[in-house]
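Presented below is the structure to which this report refers.
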Amino acid sequence: MTVAIYLRRSLLDKDSLSIDMQLNYCKQKLQQNEEYEIFEDNGFSGKSLERPAIKRLLDNLNKYNKIIVYKLDRCSRNLLDFSNLLDKLQKNNVEFVSATESLD
C-alpha cells in the first residue's frame, strides 16, 4: 500500500504555507521506505471538497493505507465535510495523519 500526501494552498491567503513547506512537514511523518503519492490542490479554497486532487484521492482510496496532511484545515474548513471524510477513511481502514497536530 501507498501513503497519500494531500497538499492544499489557497492563492487568496498570502500568509499560507507554500506547497513545498507543507510537503516537507508531511514527509517527516513517513515511515522508512514508505512509498507515497502527492495530491496537490494549489489555488483552491478549503470551504468544500469540490477540488480536483482531493476528489481523485477519494475516488482511489483503496490504494492507500494512510493520508498525511500538513494540518486538518488543508483537507476541509467545513466541519461536516471533515467529519464525513474521516468516516469514509475509517470505513476504508485508511489512517489520517496531521503533520503538525495531535489527533486521538
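Ligands are numbered from 1 in the order shown, chains are lettered A, B, ... in the order of the C-alpha cells, and residues start at 1 in each chain.
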
Distance query Gly46 (chain A) at most 7 Å, only C-alpha atoms, self and fewer than 5 positions along chain excluded, as a PyMOL selection string: chain A and resi 73-77

DSSP strand (DSSP E or B) residues within chain A, listed as a PyMOL selection string: chain A and resi 2-9+36-42+64-69+95-98

Point-to-point distance from CA of Leu49 (chain A) to CA of Asp81 (chain A), Å rounded to tenths: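 Taking CA of Leu49 (chain A) as the start and CA of Asp81 (chain A) as the end point, the length is 7.1 Å.
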
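Considering only region 29-86 of chain A, backbone DSSP assigns alpha helix (DSSP H) to Pro52, Ala53, Ile54, Lys55, Arg56, Leu57, Leu58, Asp59, Leu79, Leu80, Asp81, Phe82, Ser83, Asn84, Leu85 and Leu86 of chain A.
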
Output C-alpha atoms for every residue in that selection, as an mmCIF file, in the first residue's frame.
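Once written, out20.cif looks like this:
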```
data_model
loop_
_atom_site.group_PDB
_atom_site.id
_atom_site.type_symbol
_atom_site.label_atom_id
_atom_site.label_comp_id
_atom_site.auth_asym_id
_atom_site.auth_seq_id
_atom_site.Cartn_x
_atom_site.Cartn_y
_atom_site.Cartn_z
ATOM 1 C CA PRO A 52 -9.748 18.049 -8.295
ATOM 2 C CA ALA A 53 -6.942 16.425 -6.284
ATOM 3 C CA ILE A 54 -8.994 15.567 -3.178
ATOM 4 C CA LYS A 55 -11.716 14.095 -5.409
ATOM 5 C CA ARG A 56 -9.117 11.990 -7.263
ATOM 6 C CA LEU A 57 -7.684 10.828 -3.931
ATOM 7 C CA LEU A 58 -11.085 9.872 -2.540
ATOM 8 C CA ASP A 59 -12.055 8.096 -5.768
ATOM 9 C CA LEU A 79 -16.700 20.588 9.973
ATOM 10 C CA LEU A 80 -19.425 18.426 8.403
ATOM 11 C CA ASP A 81 -17.279 17.693 5.324
ATOM 12 C CA PHE A 82 -14.318 16.837 7.548
ATOM 13 C CA SER A 83 -16.440 14.546 9.730
ATOM 14 C CA ASN A 84 -17.779 12.754 6.640
ATOM 15 C CA LEU A 85 -14.257 12.468 5.274
ATOM 16 C CA LEU A 86 -12.983 10.860 8.489
#
```

Atomic separation - CA of Gln31 (chain A) relative to CA of Leu7 (chain A), Å: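 Separation of CA of Leu7 (chain A) and CA of Gln31 (chain A): 18.5 Å.
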